[in-house]
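**Q** Sharing a structure below in structure tokens format, with a few things to ask.
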Amino acid sequence: MCGRYASSRDARDLASAFEVEEPPEEVIPPSWNVAPTDPVYAVLQREDRRLLRVLRWGLVPSWAKDAKGAARLINARQETVTQKPAFRAAYQRRRCLLPADGYYEWQVDGTRKQPWFLTSREDGPLAMAGLYEVWSQGEERLWTCTVITTSASDELGHIHDRTPLLVPREDWGRWLDPAVEDPGGHLLVPAVGGALDAWPVGTAVGNVRNDGPELVQPVEPDVLF
């Protein structure tokens, strides 16, 4: 799964990287410990405009009676995203990209859990595949999103068996286009190996109150736990 990630880039940098016409009106501070229900940047397309918007992480389906279940829908499995009622409609019309410096996964060794940070081997941000919804009740309108996950490649599977689905740059346009109900099964495939670097980090990331660039710094084996 993807339960924490880092997103520290400036909104203008993200707008440039994802070819967005203009940065969002709402700006959020950088975070190296993005957690469920936090506000996050998302790239999406409305009509013919590519936008960078601030959404809340944790999908609330448009038909939900209330927004209480958002924290449970932070991930959508690639294998069932086209079938599950909570995600099916969003997959057809409301796909997005969630920019990230990288993300965390916890490797289980007996009773111990070691966090790892996974990031691109290139300079740009990761483009995590996501879905978004607009939930409304009376005057309230809530924009929320979820990260699509897939099977981890062999070289990363030893850390965790799931990983965010990453969309290649050449497929961004098709993925975001709301006129395309199904962007193609070739996008919903396990991650290709060789695209990510990974290293162990300190356990401080496990506490949502901790934040800062030190969370992504590699640690020596004798301070892992």
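Labeling convention for the structure tokens: chains A, B, ... as they appear, residues from 1 per chain, ligands from 1 in order of appearance.
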Could you pull out the alpha helix (DSSP H) residues of stretch 3-207 of chain A, going by DSSP on the backbone, and write them as a PyMOL selection string?
**A** chain A and resi 11-17+88-93+172-176
**Q** Dump as CSV the rows for residues of stretch 22-101 of chain A within 9 Å of stretch 198-216 of chain A: closest atom pair and distance in Å with one decimal, only C-alpha atoms counted, ordered by chain and rising residue number.
**A**
```
residue,atom,partner,partner_atom,distance
A:Pro30,CA,A:Gly212,CA,8.6
A:Ser31,CA,A:Asp211,CA,6.5
A:Trp32,CA,A:Gly212,CA,5.5
A:Asn33,CA,A:Asp211,CA,5.6
A:Val34,CA,A:Val208,CA,7.9
A:Ala35,CA,A:Val208,CA,6.7
```
**Q** Which of these residues is nearest to A:Tyr132, using only C-alpha atoms: A:His186, A:His158, A:Leu44, A:Leu51?
**A**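 Smallest separation from A:Tyr132 among the options: A:Leu44.
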**Q** For a quick check of understanding, using only C-alpha atoms, which of A:Leu52, A:Pro23, A:Lys65, A:Trp57 has the smallest distance to A:Gly138?
**A**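 Closest to A:Gly138, using only C-alpha atoms: A:Lys65.
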**Q** Which residue, A:Arg9, A:Lys84, A:Arg93, A:Arg50, has the smallest gap to A:Pro125 when you use only C-alpha atoms?
**A**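 With only C-alpha atoms as the atom set, the closest residue is A:Arg9.
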